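Enquirer: Got a structure here, written out as structure tokens. Questions coming.
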Amino acid sequence: MPDQDTLPTPAEVTGTRPQAVDRHRATIDAVLARRDRRLLVVAGPCSVHDPAAALDYARLLATAAERYADDLVVVLRAYLEKPRTVAGWTGLLPDPTLDGKGDIATGIRQGRSFLLDAAATGLPLAYEFVDPLLAHYVADLVSWAAVGARTVASQPHRHLASWLPMPVGMKNCVSGRLDTAVQAIRAAGLPHTFPGVAADGRLTTLRSAGNPAAHLVLRGGAVPNYDAASVAAALDTLREAGLPQRVVVDAAHGNSGKDHNRQPAVLADLAEQIGGGNHAVAGVMLESYLSDGNQSPSGEPRPDLSITDPCLGWRRTEPLLEQLASAARRRG
């Protein structure tokens, strides 16, 4: 028999919850529905590997968020799980020691502590839910959620999205096809009955009412899909499916070829679309951290440099926030 480690129950690690979370969720929902004219901006590291350094970044982002609060709703990308096509580091929650030992119990405690500290900066938190079993340890602190390109076709993730009490962005699949994500939005909007984890750790039956705030995230694929023609085509697809015509566009991943140096050009194109009056682009995403680029996770990695996808450093990020704020202001 393989070794087994008993995990804490959700009740043993949850409990403290900032009151602002509900307000943040309502604000993001209003932005997506265009009841709030501001632009949603999800910014932060590809994945958090050093909580102390990530908090340093969060404080910088919180200061900028306050500066641009009239035009932007800035959300911290606080991702603690990392989806993998084959293998690699799977994130702070499942592997906090970065060595494959899989001390998930420690990861849960460290990860939740980080999320609480990050929420104390005043920022809303974004999170990609990778393992549905871990969702119950962190979901109460999350204001915007994502289902990634590798899991958007998964029935358990669609069911989870239907139960989550915050807006959920469905990313187009790795190839760039939109139909899988559109199906996921439709599925998440419906009520479902499915197994889940109760506060006491036991498996239980969860019954969801459906998530009306599920929406499409364009993250590129074999070719980018951030340009005006691609956005228009995505809106046509949503219209044909009878879904609200709104998108969030990711400037990283397939839209930048995972080259952080291309993100500013993607964001400049999006700013032009937004400033030109495109109200359907409700938000943008960018991978940003303290320092430019990335590094190998082996050895003792630098705390300020991503160990997964390359990120834009802070000095290059803040001017982009100003550019996006100006575009949102022009759009009105």
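Chain labels run A, B, ... following the order of the structure tokens; each chain numbers its residues from 1, and ligands are numbered from 1 in the order shown.
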Give me the residues near Ala252 (chain A) as a PyMOL selection string, where near means some atom within 9 Å (using only C-alpha atoms) and where sequence neighbours in that chain fewer than 4 positions away do not count.

Expert: chain A and resi 219-220+256-260+262-263+266+285-287+311

Enquirer: Set the distance at 6 Å and use only C-alpha atoms: which residues neighbour region 107-109 of chain A once local chain neighbours fewer than 6 positions away are removed? I'd like the list as a ChimeraX atom specification.

Expert: /A:92-94,96

Enquirer: Using C-alpha atoms, can you export the residues from the last selection as an mmCIF file, in the first residue's frame?

Expert:
data_model
loop_
_atom_site.group_PDB
_atom_site.id
_atom_site.type_symbol
_atom_site.label_atom_id
_atom_site.label_comp_id
_atom_site.auth_asym_id
_atom_site.auth_seq_id
_atom_site.Cartn_x
_atom_site.Cartn_y
_atom_site.Cartn_z
ATOM 1 C CA LEU A 92 2.263 25.711 -3.457
ATOM 2 C CA LEU A 93 -0.842 23.912 -2.211
ATOM 3 C CA PRO A 94 0.141 20.387 -3.343
ATOM 4 C CA PRO A 96 5.010 23.652 -0.812
#

Enquirer: What does the structure give for the distance between CA of Arg67 (chain A) and CA of Lys171 (chain A), in Å to one decimal?

Expert: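 If I compute the distance from CA of Arg67 (chain A) to CA of Lys171 (chain A), I get 29.2 Å.
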
Enquirer: Which of these, A:Ile274, A:Val48, A:Ile28, A:Val284, has the shortest distance to Leu98 (chain A) once you count only C-alpha atoms?

Expert: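 Closest to Leu98 (chain A) of all the choices is A:Val48.
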
Enquirer: Just the residues within 9 Å of Leu320 (chain A), please, counting only C-alpha atoms, with nothing from its chain fewer than 3 positions along; format it as a list in words.

Expert: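 That gives Pro264, Leu267, Ala268, Arg316, Thr317, Gln323, Leu324 and Ala325 of chain A.
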
Enquirer: I'd like the contact shell of Ala187 (chain A) - 12 Å cut-off, only C-alpha atoms, skipping same-chain residues fewer than 2 positions apart - returned as a ChimeraX atom specification.

Expert: /A:152-163,170,180-185,189-192,208-215,241,243

Enquirer: List every residue of region 45-252 of chain A that DSSP, applied to the backbone of this structure, assigns to strand (DSSP E or B), and report them as a ChimeraX atom specification.

Expert: /A:72-77,125-128,144-147,168-171,193-197,203-207,215-218,247-250

Enquirer: Find, counting only C-alpha atoms, the residue in A:Cys46, A:Ala234, A:Leu60, A:Asp99 that gets nearest to Ser298 (chain A).

Expert: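 When distances to Ser298 (chain A) are compared using only C-alpha atoms, the smallest one comes from A:Asp99.
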